[in-house]
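Undergrad: What follows is the file query.cif, containing mmCIF, C-alpha atoms:
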```cif
data_input
#
loop_
_atom_site.label_atom_id
_atom_site.label_comp_id
_atom_site.auth_asym_id
_atom_site.auth_seq_id
_atom_site.Cartn_x
_atom_site.Cartn_y
_atom_site.Cartn_z
CA MET A 532 -55.34 -58.67 235.46
CA LEU A 533 -53.09 -61.46 236.67
CA LYS A 534 -49.48 -61.57 235.55
CA LEU A 535 -48.12 -64.45 233.43
CA ALA A 536 -44.42 -64.93 232.72
CA VAL A 537 -42.97 -67.56 230.38
CA ILE A 538 -39.29 -68.25 230.99
CA PRO A 539 -37.08 -70.30 228.68
CA GLY A 540 -34.26 -72.08 230.54
CA ALA A 541 -31.90 -74.56 228.88
CA ILE A 542 -34.25 -75.16 225.98
CA CYS A 543 -34.09 -76.33 222.37
CA GLY A 544 -37.02 -74.08 221.49
CA GLY A 545 -39.57 -76.84 220.91
CA CYS A 546 -41.70 -76.09 223.97
CA ASP A 547 -41.70 -72.38 223.17
CA VAL A 548 -42.96 -73.04 219.66
CA ALA A 549 -45.50 -75.60 220.89
CA LEU A 550 -46.95 -73.13 223.39
CA ALA A 551 -47.04 -70.34 220.81
CA SER A 552 -48.74 -72.59 218.27
CA VAL A 553 -51.70 -73.26 220.58
CA GLY A 554 -53.04 -70.22 218.76
CA GLU A 555 -56.47 -68.80 219.44
CA LYS A 556 -56.92 -70.66 222.71
CA LEU A 557 -54.24 -68.40 224.18
CA LEU A 558 -56.70 -65.53 223.75
CA ASP A 559 -59.01 -67.13 226.34
CA VAL A 560 -56.15 -67.05 228.81
CA LEU A 561 -55.41 -63.45 227.94
CA LYS A 562 -58.87 -62.50 229.21
CA TYR A 563 -57.50 -63.14 232.69
CA TYR A 564 -53.76 -62.76 232.33
CA GLU A 565 -51.38 -60.13 231.10
CA ILE A 566 -48.12 -61.50 229.69
CA VAL A 567 -45.27 -59.74 231.44
CA TYR A 568 -42.43 -61.72 229.87
CA TRP A 569 -42.20 -64.19 226.98
CA PRO A 570 -39.23 -63.60 224.66
CA ILE A 571 -40.72 -65.45 221.69
CA ALA A 572 -43.99 -63.47 221.76
CA ILE A 573 -43.53 -60.03 223.26
CA ASP A 574 -40.74 -57.50 223.50
CA ARG A 575 -39.75 -57.18 227.15
CA LYS A 576 -36.35 -57.31 228.78
CA LEU A 577 -35.40 -59.48 231.70
CA SER A 578 -34.83 -56.33 233.74
CA ASP A 579 -38.52 -55.47 233.27
CA LEU A 580 -39.46 -58.84 234.71
CA GLU A 581 -37.13 -58.41 237.64
CA ALA A 582 -38.86 -55.13 238.42
CA VAL A 583 -42.25 -56.93 238.67
CA GLU A 584 -42.94 -57.58 242.36
CA GLU A 585 -45.23 -60.59 242.16
CA ILE A 586 -45.94 -62.99 239.32
CA ASP A 587 -49.22 -64.93 239.40
CA ALA A 588 -48.29 -67.72 237.00
CA LEU A 589 -44.77 -68.65 235.97
CA ILE A 590 -44.18 -71.13 233.16
CA TYR A 591 -40.63 -72.46 233.13
CA MET A 592 -39.48 -74.37 230.05
CA GLY A 593 -36.33 -76.46 229.70
CA GLY A 594 -33.76 -77.60 232.22
CA VAL A 595 -31.25 -75.74 234.35
CA SER A 596 -27.68 -76.01 233.09
CA THR A 597 -25.93 -72.74 233.90
CA SER A 598 -25.51 -70.68 237.05
CA GLU A 599 -27.53 -67.90 235.42
CA GLU A 600 -30.53 -70.18 234.75
CA TYR A 601 -30.32 -71.52 238.29
CA GLU A 602 -30.45 -68.06 239.82
CA LEU A 603 -33.24 -67.03 237.46
CA ALA A 604 -35.32 -70.13 238.21
CA ARG A 605 -34.93 -69.66 241.95
CA LYS A 606 -35.43 -65.94 242.12
CA LEU A 607 -38.47 -65.82 239.86
CA SER A 608 -40.09 -68.88 241.41
CA SER A 609 -39.86 -67.38 244.86
CA LYS A 610 -42.11 -64.50 243.80
CA SER A 611 -44.56 -66.61 241.77
CA ARG A 612 -47.86 -67.98 243.06
CA VAL A 613 -48.35 -70.80 240.55
CA LYS A 614 -45.29 -72.48 239.12
CA VAL A 615 -45.59 -74.56 235.98
CA ALA A 616 -42.88 -76.89 234.65
CA LEU A 617 -43.49 -77.12 230.92
CA GLY A 618 -41.87 -79.81 228.82
CA THR A 619 -40.03 -83.02 229.68
CA CYS A 620 -36.69 -81.24 230.34
CA SER A 621 -38.31 -79.10 232.95
CA VAL A 622 -40.24 -81.97 234.59
CA TYR A 623 -37.90 -84.97 234.23
CA GLY A 624 -34.62 -83.54 232.94
CA GLY A 625 -35.27 -84.62 229.36
CA ILE A 626 -32.57 -85.73 226.94
CA PRO A 627 -29.96 -83.32 228.40
CA GLY A 628 -30.62 -85.12 231.68
CA LEU A 629 -28.35 -87.87 230.32
CA ASN A 630 -25.58 -85.33 231.06
CA SER A 631 -26.07 -86.20 234.71
CA LEU A 632 -23.77 -89.19 234.23
CA SER A 633 -20.86 -86.86 233.40
CA SER A 634 -19.33 -83.78 235.00
CA PRO A 635 -19.87 -80.34 233.38
CA LEU A 636 -16.22 -80.40 232.21
CA GLU A 637 -16.71 -83.75 230.45
CA VAL A 638 -19.88 -82.45 228.80
CA TYR A 639 -17.99 -79.36 227.68
CA LYS A 640 -15.20 -81.46 226.18
CA VAL A 641 -17.62 -83.59 224.19
CA ASN A 642 -19.13 -80.47 222.67
CA MET A 643 -16.03 -78.35 222.25
CA GLY A 644 -13.37 -80.96 221.51
CA LYS A 645 -9.89 -79.97 222.54
CA SER A 646 -10.72 -76.30 222.99
CA ASP A 647 -9.17 -75.02 226.21
CA HIS A 648 -11.56 -72.15 226.73
CA TRP A 649 -13.09 -73.81 229.77
CA ILE A 650 -13.30 -70.98 232.24
CA GLN A 651 -12.94 -71.64 235.92
CA GLY A 652 -14.46 -69.02 238.15
CA ASP A 653 -16.34 -66.09 236.71
CA SER A 654 -13.43 -63.84 235.76
CA LEU A 655 -15.34 -62.61 232.71
CA GLY A 656 -18.69 -62.54 234.44
CA LEU A 657 -20.02 -65.28 232.15
CA PRO A 658 -22.55 -67.86 233.38
CA GLN A 659 -20.91 -71.11 234.47
CA LEU A 660 -21.92 -74.62 233.45
CA ILE A 661 -23.25 -76.35 236.55
CA PRO A 662 -24.26 -80.02 236.98
CA TYR A 663 -27.48 -80.34 234.97
CA MET A 664 -30.79 -80.20 236.83
CA ALA A 665 -34.45 -80.36 235.97
CA TYR A 666 -36.58 -77.40 237.03
CA THR A 667 -38.28 -79.78 239.49
CA ASP A 668 -34.91 -80.21 241.22
CA VAL A 669 -34.75 -76.49 241.93
CA VAL A 670 -38.31 -75.81 243.12
CA GLU A 671 -41.52 -77.80 243.60
CA PRO A 672 -43.84 -76.75 240.79
CA ASP A 673 -47.64 -76.84 241.14
CA ILE A 674 -48.36 -78.02 237.62
CA LEU A 675 -46.23 -80.48 235.66
CA ALA A 676 -46.72 -80.61 231.89
CA PRO A 677 -44.48 -83.28 230.34
CA GLY A 678 -43.97 -83.96 226.65
CA CYS A 679 -41.19 -83.40 224.15
CA PRO A 680 -42.66 -81.07 223.07
CA PRO A 681 -45.91 -81.00 225.09
CA SER A 682 -48.81 -82.09 222.90
CA GLY A 683 -51.89 -80.03 222.13
CA LYS A 684 -53.77 -82.10 224.69
CA VAL A 685 -51.38 -81.27 227.54
CA LEU A 686 -51.26 -77.59 226.57
CA ASP A 687 -55.08 -77.43 226.48
CA GLN A 688 -55.19 -78.93 229.97
CA LEU A 689 -52.56 -76.44 231.10
CA LEU A 690 -54.51 -73.44 229.79
CA GLU A 691 -57.66 -74.81 231.46
CA GLN A 692 -55.81 -75.05 234.76
CA LEU A 693 -54.53 -71.50 234.42
CA ILE A 694 -58.03 -70.20 233.75
CA GLU A 695 -59.40 -72.23 236.65
CA TYR A 696 -56.78 -70.69 238.89
CA ALA A 697 -57.70 -67.22 237.68
CA VAL A 698 -61.36 -67.88 238.51
CA LYS A 699 -61.02 -69.81 241.77
CA GLY A 700 -57.82 -68.29 243.08
CA GLU A 701 -56.27 -71.59 244.14
CA ILE A 702 -55.00 -74.90 242.79
CA GLU A 703 -56.22 -78.11 244.38
CA HIS A 704 -54.39 -81.44 244.64
CA LYS A 705 -50.90 -80.12 243.96
CA PRO A 706 -48.75 -81.09 242.16
CA ILE A 707 -50.91 -81.74 239.12
CA LEU A 708 -49.36 -83.99 236.48
CA LEU A 709 -51.09 -83.29 233.18
CA GLY A 710 -52.02 -85.97 230.64
CA ASP A 711 -54.21 -89.01 231.28
CA PRO A 712 -53.30 -91.34 234.17
CA GLU A 713 -52.95 -94.48 232.05
CA SER A 714 -50.27 -96.11 229.94
CA LEU A 715 -50.18 -95.57 226.21
CA CYS A 716 -51.02 -99.25 225.66
CA ASN A 717 -54.38 -98.80 227.35
CA LYS A 718 -55.96 -97.08 224.38
CA CYS A 719 -53.39 -97.95 221.72
CA PRO A 720 -54.89 -97.79 218.22
CA ARG A 721 -52.85 -100.88 217.30
CA ASN A 722 -54.86 -102.75 219.90
CA PRO A 723 -53.06 -106.13 220.07
CA LYS A 724 -55.46 -108.92 219.12
CA THR A 725 -53.82 -111.53 221.30
CA THR A 726 -54.27 -111.28 225.04
CA LYS A 727 -50.70 -112.48 225.46
CA ILE A 728 -48.07 -110.42 223.64
CA LYS A 729 -45.04 -112.36 222.43
CA MET A 730 -41.94 -110.41 221.54
CA PRO A 731 -40.13 -112.45 218.86
CA GLY A 732 -36.71 -110.97 219.59
CA ILE A 733 -35.16 -107.54 219.71
CA TYR A 734 -34.72 -105.76 216.38
CA ARG A 735 -33.79 -102.31 215.29
CA LEU A 736 -36.08 -100.29 213.06
CA HIS A 737 -34.25 -101.00 209.81
CA GLU A 738 -34.22 -104.75 210.35
CA VAL A 739 -37.94 -105.36 210.01
CA GLU A 740 -40.61 -104.31 207.61
CA LEU A 741 -43.05 -102.61 209.94
CA ASP A 742 -46.71 -103.54 209.83
CA ASP A 743 -48.54 -100.34 210.72
CA LYS A 744 -51.50 -102.15 212.27
CA LYS A 745 -49.59 -104.47 214.59
CA CYS A 746 -48.21 -103.82 218.09
CA PHE A 747 -44.53 -102.79 217.89
CA LEU A 748 -43.52 -105.15 220.68
CA GLU A 749 -45.11 -108.06 218.81
CA GLN A 750 -42.82 -107.16 215.90
CA GLY A 751 -39.73 -107.11 218.10
CA ILE A 752 -39.38 -103.31 218.16
CA LEU A 753 -38.87 -101.63 221.51
CA CYS A 754 -41.79 -99.32 222.24
CA MET A 755 -41.92 -97.52 225.58
CA GLY A 756 -45.72 -97.48 225.51
CA PRO A 757 -46.26 -99.87 228.46
CA ALA A 758 -44.29 -97.62 230.81
CA THR A 759 -45.27 -94.19 229.46
CA ARG A 760 -48.06 -91.87 230.50
CA ASN A 761 -50.64 -91.03 227.87
CA ILE A 762 -49.91 -87.36 227.25
CA CYS A 763 -50.09 -87.41 223.48
CA ASP A 764 -52.89 -89.64 222.20
CA HIS A 765 -50.31 -91.81 220.39
CA SER A 766 -48.97 -89.19 218.00
CA CYS A 767 -45.75 -91.13 217.25
CA ILE A 768 -47.39 -94.56 217.22
CA LYS A 769 -49.99 -93.36 214.72
CA THR A 770 -47.22 -92.32 212.34
CA ASN A 771 -45.65 -95.79 212.58
CA TYR A 772 -42.86 -94.81 214.96
CA PRO A 773 -42.47 -96.53 218.34
CA CYS A 774 -42.86 -94.53 221.55
CA THR A 775 -39.54 -93.37 223.01
CA GLY A 776 -41.03 -92.41 226.36
CA CYS A 777 -41.07 -88.59 226.40
CA GLY A 778 -44.22 -88.56 228.53
CA GLY A 779 -42.36 -90.05 231.46
CA PRO A 780 -43.69 -92.61 233.95
CA LEU A 781 -47.40 -93.12 234.60
CA GLU A 782 -47.42 -91.29 237.92
CA TRP A 783 -45.31 -88.51 239.38
CA GLY A 784 -42.56 -90.28 241.31
CA GLY A 785 -42.78 -93.40 239.16
CA ASP A 786 -39.94 -94.88 237.17
CA SER A 787 -40.23 -95.81 233.51
CA GLY A 788 -36.92 -97.62 232.96
CA VAL A 789 -37.22 -100.45 235.47
CA SER A 790 -40.93 -100.83 234.67
CA MET A 791 -39.98 -101.27 231.04
CA ILE A 792 -37.35 -103.96 231.66
CA SER A 793 -39.91 -105.69 233.83
CA SER A 794 -42.42 -105.74 231.01
CA ILE A 795 -39.83 -106.86 228.44
CA GLY A 796 -38.94 -109.66 230.83
CA SER A 797 -42.54 -110.88 230.68
CA ILE A 798 -42.91 -110.86 226.90
CA LEU A 799 -39.51 -111.48 225.29
CA LEU A 800 -39.47 -114.86 223.54
CA VAL A 801 -42.03 -116.30 225.96
CA ASP A 802 -42.86 -119.19 223.65
CA SER A 803 -39.32 -120.49 223.23
CA GLU A 804 -37.79 -119.92 226.67
CA LYS A 805 -37.48 -123.61 227.39
CA SER A 806 -35.66 -124.43 224.17
CA LEU A 807 -33.35 -121.40 224.15
CA LEU A 808 -32.50 -121.63 227.85
CA GLU A 809 -30.32 -118.99 229.50
CA PRO A 810 -27.60 -118.77 226.81
CA GLY A 811 -30.17 -118.27 224.03
CA LEU A 812 -32.03 -115.59 225.97
CA THR A 813 -28.75 -113.88 226.83
CA ARG A 814 -27.79 -113.78 223.16
CA GLU A 815 -31.07 -112.05 222.29
CA ILE A 816 -30.93 -109.58 225.18
CA ASP A 817 -27.34 -108.70 224.29
CA LYS A 818 -28.69 -107.02 221.15
CA LEU A 819 -29.78 -104.23 223.47
CA ARG A 820 -27.12 -101.54 223.62
CA ASP A 821 -27.20 -98.46 225.81
CA TYR A 822 -29.81 -99.31 228.42
CA ILE A 823 -29.85 -95.85 229.96
CA GLY A 824 -30.20 -94.11 226.60
CA THR A 825 -33.03 -96.45 225.62
CA PHE A 826 -35.06 -96.78 228.78
CA TYR A 827 -34.25 -93.46 230.46
CA ARG A 828 -33.86 -91.30 227.40
CA TYR A 829 -35.98 -88.53 228.94
CA THR A 830 -36.29 -89.35 232.61
CA LEU A 831 -32.84 -90.29 233.90
CA ARG A 832 -32.52 -87.20 236.10
CA LYS A 833 -35.59 -88.14 238.16
CA SER A 834 -35.15 -91.93 238.07
CA MET A 835 -34.46 -94.49 240.78
CA LEU A 836 -31.25 -95.47 239.00
CA TYR A 837 -29.98 -91.91 239.22
CA LYS A 838 -30.77 -91.85 242.94
CA LEU A 839 -28.89 -95.12 243.27
CA ARG A 840 -25.89 -93.61 241.51
CA GLU A 841 -25.97 -90.63 243.90
CA LEU A 842 -26.23 -93.02 246.84
CA LYS A 843 -23.24 -94.95 245.54
CA LYS A 844 -21.23 -91.75 245.26
CA GLY A 845 -22.20 -90.85 248.81
CA GLY A 846 -24.39 -87.92 247.73
CA LEU A 847 -27.56 -89.17 249.43
CA LYS A 848 -27.68 -90.06 253.06
CA MET B 1088 -18.18 -100.79 265.12
CA SER B 1089 -17.15 -102.72 262.03
CA TRP B 1090 -19.44 -102.58 259.02
CA ARG B 1091 -21.68 -105.56 258.33
CA PRO B 1092 -23.26 -105.98 254.92
CA ARG B 1093 -27.04 -105.86 254.83
CA ILE B 1094 -28.47 -108.23 252.26
CA ILE B 1095 -32.04 -108.75 251.14
CA ALA B 1096 -32.74 -112.24 249.80
CA PHE B 1097 -35.84 -112.92 247.73
CA PHE B 1098 -36.53 -116.66 247.78
CA CYS B 1099 -39.31 -118.34 245.90
CA LYS B 1100 -41.72 -120.26 248.08
CA TRP B 1101 -41.33 -123.59 246.27
CA CYS B 1102 -37.57 -124.03 245.83
CA ALA B 1103 -35.08 -121.67 247.50
CA GLY B 1104 -37.55 -120.85 250.29
CA SER B 1105 -38.04 -124.54 251.06
CA ALA B 1106 -34.27 -125.03 250.85
CA ALA B 1107 -33.88 -122.36 253.54
CA GLU B 1108 -36.30 -124.30 255.74
CA THR B 1109 -34.49 -127.56 255.03
CA ALA B 1110 -31.24 -125.86 256.01
CA GLY B 1111 -32.89 -124.99 259.32
CA VAL B 1112 -34.04 -128.56 259.87
CA MET B 1113 -30.56 -129.82 258.98
CA ARG B 1114 -29.06 -127.34 261.48
CA LEU B 1115 -26.80 -125.80 258.85
CA ARG B 1116 -25.33 -122.41 259.73
CA TYR B 1117 -25.10 -119.46 257.38
CA ASP B 1118 -24.24 -115.80 257.75
CA PRO B 1119 -26.92 -113.88 259.66
CA ASN B 1120 -26.56 -110.79 257.44
CA ILE B 1121 -29.30 -111.79 255.06
CA VAL B 1122 -32.96 -110.95 255.47
CA PRO B 1123 -34.91 -113.59 253.55
CA ILE B 1124 -38.23 -112.58 251.99
CA ILE B 1125 -40.34 -115.43 250.67
CA VAL B 1126 -42.26 -114.62 247.48
CA PRO B 1127 -44.64 -116.92 245.58
CA CYS B 1128 -42.38 -117.02 242.50
CA THR B 1129 -39.21 -115.30 241.30
CA GLY B 1130 -41.25 -114.20 238.28
CA ARG B 1131 -43.01 -111.88 240.72
CA ILE B 1132 -39.88 -109.89 241.52
CA ASP B 1133 -40.10 -106.54 239.78
CA PRO B 1134 -36.68 -104.92 239.22
CA GLN B 1135 -38.18 -101.95 241.03
CA LEU B 1136 -38.20 -104.01 244.25
CA VAL B 1137 -34.50 -104.71 243.86
CA VAL B 1138 -33.63 -101.05 243.25
CA SER B 1139 -35.87 -99.98 246.18
CA ALA B 1140 -34.03 -102.44 248.40
CA PHE B 1141 -30.76 -100.70 247.54
CA LEU B 1142 -32.24 -97.24 248.02
CA ASN B 1143 -33.51 -98.30 251.45
CA GLY B 1144 -30.15 -99.44 252.72
CA ALA B 1145 -29.41 -102.90 251.32
CA ASP B 1146 -25.84 -103.56 250.15
CA GLY B 1147 -26.71 -106.61 248.07
CA VAL B 1148 -29.73 -108.48 246.77
CA LEU B 1149 -29.81 -112.25 246.38
CA ILE B 1150 -32.56 -113.94 244.41
CA GLY B 1151 -33.13 -117.67 244.69
CA GLY B 1152 -35.50 -119.56 242.39
CA CYS B 1153 -36.17 -122.96 240.89
CA HIS B 1154 -33.86 -124.68 238.43
CA THR B 1155 -34.47 -124.10 234.73
CA PRO B 1156 -35.97 -125.35 232.52
CA ASN B 1157 -38.70 -127.37 234.21
CA ASP B 1158 -38.68 -126.91 237.99
CA CYS B 1159 -40.73 -123.73 238.23
CA HIS B 1160 -44.06 -124.38 239.93
CA TYR B 1161 -45.67 -121.85 237.59
CA SER B 1162 -43.92 -123.24 234.53
CA SER B 1163 -41.71 -120.31 233.51
CA GLY B 1164 -41.46 -117.68 236.27
CA ASN B 1165 -37.76 -118.38 236.66
CA PHE B 1166 -37.08 -117.40 233.03
CA LYS B 1167 -38.87 -114.09 233.59
CA ALA B 1168 -36.66 -113.47 236.62
CA PHE B 1169 -33.57 -114.41 234.61
CA LYS B 1170 -34.33 -111.89 231.85
CA ARG B 1171 -35.15 -109.11 234.29
CA VAL B 1172 -32.12 -109.64 236.48
CA TYR B 1173 -29.85 -109.90 233.43
CA MET B 1174 -31.10 -106.55 232.10
CA LEU B 1175 -31.08 -104.91 235.53
CA ARG B 1176 -27.44 -105.89 236.09
CA LYS B 1177 -26.46 -104.34 232.76
CA MET B 1178 -28.35 -101.20 233.70
CA LEU B 1179 -26.69 -100.98 237.10
CA ALA B 1180 -23.28 -101.26 235.46
CA GLU B 1181 -24.11 -98.30 233.21
CA VAL B 1182 -24.78 -96.01 236.17
CA GLY B 1183 -21.66 -97.14 237.99
CA VAL B 1184 -23.06 -99.66 240.49
CA GLU B 1185 -21.31 -103.04 240.65
CA PRO B 1186 -23.61 -105.61 239.00
CA GLU B 1187 -22.19 -108.25 241.39
CA ARG B 1188 -24.43 -106.76 244.07
CA VAL B 1189 -27.35 -108.57 242.48
CA ARG B 1190 -27.08 -112.34 242.25
CA LEU B 1191 -29.53 -114.84 240.86
CA GLU B 1192 -29.19 -118.53 241.77
CA TRP B 1193 -31.26 -121.60 241.07
CA ILE B 1194 -31.63 -123.63 244.27
CA SER B 1195 -34.02 -126.57 244.54
CA ALA B 1196 -35.90 -127.51 247.72
CA THR B 1197 -33.44 -130.29 248.53
CA GLU B 1198 -30.27 -128.26 247.98
CA ALA B 1199 -29.90 -126.81 251.47
CA PRO B 1200 -26.08 -127.14 251.41
CA LYS B 1201 -26.00 -125.21 248.12
CA LEU B 1202 -28.14 -122.45 249.66
CA VAL B 1203 -25.72 -122.19 252.58
CA ARG B 1204 -22.75 -122.04 250.21
CA VAL B 1205 -24.36 -119.40 247.99
CA VAL B 1206 -25.37 -117.21 250.95
CA ASN B 1207 -21.91 -117.38 252.49
CA GLU B 1208 -20.20 -116.70 249.17
CA PHE B 1209 -22.48 -113.76 248.45
CA VAL B 1210 -22.04 -112.21 251.89
CA GLU B 1211 -18.29 -112.48 251.40
CA GLU B 1212 -18.53 -110.91 247.94
CA VAL B 1213 -20.60 -107.96 249.21
CA ARG B 1214 -18.24 -107.53 252.15
CA ARG B 1215 -15.43 -107.23 249.61
CA LEU B 1216 -17.39 -104.67 247.54
CA GLY B 1217 -18.02 -102.53 250.60
CA PRO B 1218 -21.07 -100.54 251.62
CA MET B 1219 -23.48 -99.30 248.97
CA GLY B 1220 -23.59 -95.70 250.18
CA GLY B 1221 -20.03 -94.41 249.71
CA SER B 1222 -19.63 -92.74 253.08
CA ARG B 1223 -21.81 -94.86 255.34
CA ALA B 1224 -19.85 -96.66 258.03
#
```
Would you mind writing the file out in structure tokens?

TA:
Amino acid sequence: MLKLAVIPGAICGGCDVALASVGEKLLDVLKYYEIVYWPIAIDRKLSDLEAVEEIDALIYMGGVSTSEEYELARKLSSKSRVKVALGTCSVYGGIPGLNSLSSPLEVYKVNMGKSDHWIQGDSLGLPQLIPYMAYTDVVEPDILAPGCPPSGKVLDQLLEQLIEYAVKGEIEHKPILLGDPESLCNKCPRNPKTTKIKMPGIYRLHEVELDDKKCFLEQGILCMGPATRNICDHSCIKTNYPCTGCGGPLEWGGDSGVSMISSIGSILLVDSEKSLLEPGLTREIDKLRDYIGTFYRYTLRKSMLYKLRELKKGGLK
Amino acid sequence: MSWRPRIIAFFCKWCAGSAAETAGVMRLRYDPNIVPIIVPCTGRIDPQLVVSAFLNGADGVLIGGCHTPNDCHYSSGNFKAFKRVYMLRKMLAEVGVEPERVRLEWISATEAPKLVRVVNEFVEEVRRLGPMGGSRA
């Protein structure tokens, strides 16, 4: 039997529940693997896991935000053969990745108000808040499974990969990014009729009566579909809610935010550019607030813009 | 050695690019810190190219295209560039990079003196802002 460990890092719990709710398909995996650690499913202590000498497959969920999680992620990964980053936080930093624009102390103050219990040093032996990282910043995983939470499709692919590894004994073409290598628009059920999409302006959800058959962008609603990998078979779009981009960019190493502003540039008010001129276009674009929170809601930590910020601060060479 | 700003300039083939050639014919001098790249149309410039330029060592990016509303050879490429650059500058400001490091100018094929003025002004501006990478000399 191979050994499988599932580790929750800085997690909201969504990925854990998603993985547990795969249900019977987990039994196929259990033909090959024995679960040595998974707090939500079995009763084992962390000390038991530390006593295990080698782990065959390690699934890490969530980001890395405390010194304890950092040590855990590093130590356990070093004795694991296959490392899986499960969930957008683990792969791209996720929503907590927006913390990267602030220091741990600033983050603490936002959450705890004026409380002065911020502890410098580890006088009490408590884990310390460290600058937030994705799991992919700590180690190089072999399998990347994005999604917030990962969809049934991604989890099925993940279990298939794990079984394949158990049978073949190796993983080819690492790292593997799960999901389909295409943008959500490619097979969108809303299937825009026109070949040329015209975005009539920029509106917020409450400002328009949404037509549930028509492309969101054609209705002036920002939908991250053009710059997002198909990991979900349009689960949000089918329920009449625009994509917010949890699947991350189309390819590993891509960048969804700048791709998205590029595609908005091509479609926003294309039919009235020459009458509105620059001031009119500016007025419409100014309706956009919080660019980072809109276009990099899930992927800021691994984005080009974050690298640029580090470069500016002198962190990169 | 004193620091010299490195600037990538994307010029469209029809207007700013031709203006750069005219400037050469007219024997006008401008700062040698810019590396001009001629592209078919400013509408072709993906914001990703601009950010990559910065990540690969540029301190500023200048984009020169045709005058709005009707000069663009492909009808409306310059408006696409305008929207993209406008949004990119806002985005840069949010992560703490000076938006002045990206400049978009409309320069027609005959405006060689304007091209020279814009290049010199921009080089001066970037020199004032300092190097992109905090510690690089």

Undergrad: Identify all chain A residues at most 9 Å from chain B by counting all atoms listed in the file; ligands do not count. Present them as a PyMOL selection string.

TA: chain A and resi 632+786+789-790+792-799+801+804-806+808-809+812-813+816-817+821-823+835-848

Undergrad: Next, the residues of the selection above should be written as a PDB file, in the frame of the given file with C-alpha atoms.

TA:
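Result written to part-v8.pdb:
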```
ATOM      1  CA  LEU A 632     -23.770 -89.190 234.230  1.00  0.00           C
ATOM      2  CA  ASP A 786     -39.940 -94.880 237.170  1.00  0.00           C
ATOM      3  CA  VAL A 789     -37.220-100.450 235.470  1.00  0.00           C
ATOM      4  CA  SER A 790     -40.930-100.830 234.670  1.00  0.00           C
ATOM      5  CA  ILE A 792     -37.350-103.960 231.660  1.00  0.00           C
ATOM      6  CA  SER A 793     -39.910-105.690 233.830  1.00  0.00           C
ATOM      7  CA  SER A 794     -42.420-105.740 231.010  1.00  0.00           C
ATOM      8  CA  ILE A 795     -39.830-106.860 228.440  1.00  0.00           C
ATOM      9  CA  GLY A 796     -38.940-109.660 230.830  1.00  0.00           C
ATOM     10  CA  SER A 797     -42.540-110.880 230.680  1.00  0.00           C
ATOM     11  CA  ILE A 798     -42.910-110.860 226.900  1.00  0.00           C
ATOM     12  CA  LEU A 799     -39.510-111.480 225.290  1.00  0.00           C
ATOM     13  CA  VAL A 801     -42.030-116.300 225.960  1.00  0.00           C
ATOM     14  CA  GLU A 804     -37.790-119.920 226.670  1.00  0.00           C
ATOM     15  CA  LYS A 805     -37.480-123.610 227.390  1.00  0.00           C
ATOM     16  CA  SER A 806     -35.660-124.430 224.170  1.00  0.00           C
ATOM     17  CA  LEU A 808     -32.500-121.630 227.850  1.00  0.00           C
ATOM     18  CA  GLU A 809     -30.320-118.990 229.500  1.00  0.00           C
ATOM     19  CA  LEU A 812     -32.030-115.590 225.970  1.00  0.00           C
ATOM     20  CA  THR A 813     -28.750-113.880 226.830  1.00  0.00           C
ATOM     21  CA  ILE A 816     -30.930-109.580 225.180  1.00  0.00           C
ATOM     22  CA  ASP A 817     -27.340-108.700 224.290  1.00  0.00           C
ATOM     23  CA  ASP A 821     -27.200 -98.460 225.810  1.00  0.00           C
ATOM     24  CA  TYR A 822     -29.810 -99.310 228.420  1.00  0.00           C
ATOM     25  CA  ILE A 823     -29.850 -95.850 229.960  1.00  0.00           C
ATOM     26  CA  MET A 835     -34.460 -94.490 240.780  1.00  0.00           C
ATOM     27  CA  LEU A 836     -31.250 -95.470 239.000  1.00  0.00           C
ATOM     28  CA  TYR A 837     -29.980 -91.910 239.220  1.00  0.00           C
ATOM     29  CA  LYS A 838     -30.770 -91.850 242.940  1.00  0.00           C
ATOM     30  CA  LEU A 839     -28.890 -95.120 243.270  1.00  0.00           C
ATOM     31  CA  ARG A 840     -25.890 -93.610 241.510  1.00  0.00           C
ATOM     32  CA  GLU A 841     -25.970 -90.630 243.900  1.00  0.00           C
ATOM     33  CA  LEU A 842     -26.230 -93.020 246.840  1.00  0.00           C
ATOM     34  CA  LYS A 843     -23.240 -94.950 245.540  1.00  0.00           C
ATOM     35  CA  LYS A 844     -21.230 -91.750 245.260  1.00  0.00           C
ATOM     36  CA  GLY A 845     -22.200 -90.850 248.810  1.00  0.00           C
ATOM     37  CA  GLY A 846     -24.390 -87.920 247.730  1.00  0.00           C
ATOM     38  CA  LEU A 847     -27.560 -89.170 249.430  1.00  0.00           C
ATOM     39  CA  LYS A 848     -27.680 -90.060 253.060  1.00  0.00           C
TER      40      LYS A 848
END
```

Undergrad: One number please: atom CA of Leu748 of chain A to atom CA of Asn761 of chain A, in Å, one decimal.

TA: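 Taking atom CA of Leu748 of chain A as the start and atom CA of Asn761 of chain A as the end point, the length is 17.4 Å.
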
Undergrad: Measuring atom to atom with all atoms listed in the file, identify which of A:Tyr601, A:Tyr623, A:Tyr591, A:Tyr568 is nearest to Gly784 of chain A.

TA: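 Ranking A:Tyr601, A:Tyr623, A:Tyr591, A:Tyr568 by distance to Gly784 of chain A, first place goes to A:Tyr623.
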
Undergrad: What is the distance, in Å and to one decimal place, between atom CA of Ala616 of chain A and atom CA of Leu675 of chain A?

TA: 5.0 Å

Undergrad: So which residues touch Ile571 of chain A within 9 Å, counting all atoms listed in the file, skipping near sequence neighbours fewer than 4 positions away, as a PyMOL selection string?

TA: chain A and resi 547-548+551

Undergrad: Write a file of the just-selected residues containing C-alpha atoms, as a JSON list (two decimals), keeping the file's coordinate frame.

TA:
```
[["chain", "number", "residue", "atom", "x", "y", "z"],
["A", 547, "ASP", "CA", -41.70, -72.38, 223.17],
["A", 548, "VAL", "CA", -42.96, -73.04, 219.66],
["A", 551, "ALA", "CA", -47.04, -70.34, 220.81]]
```
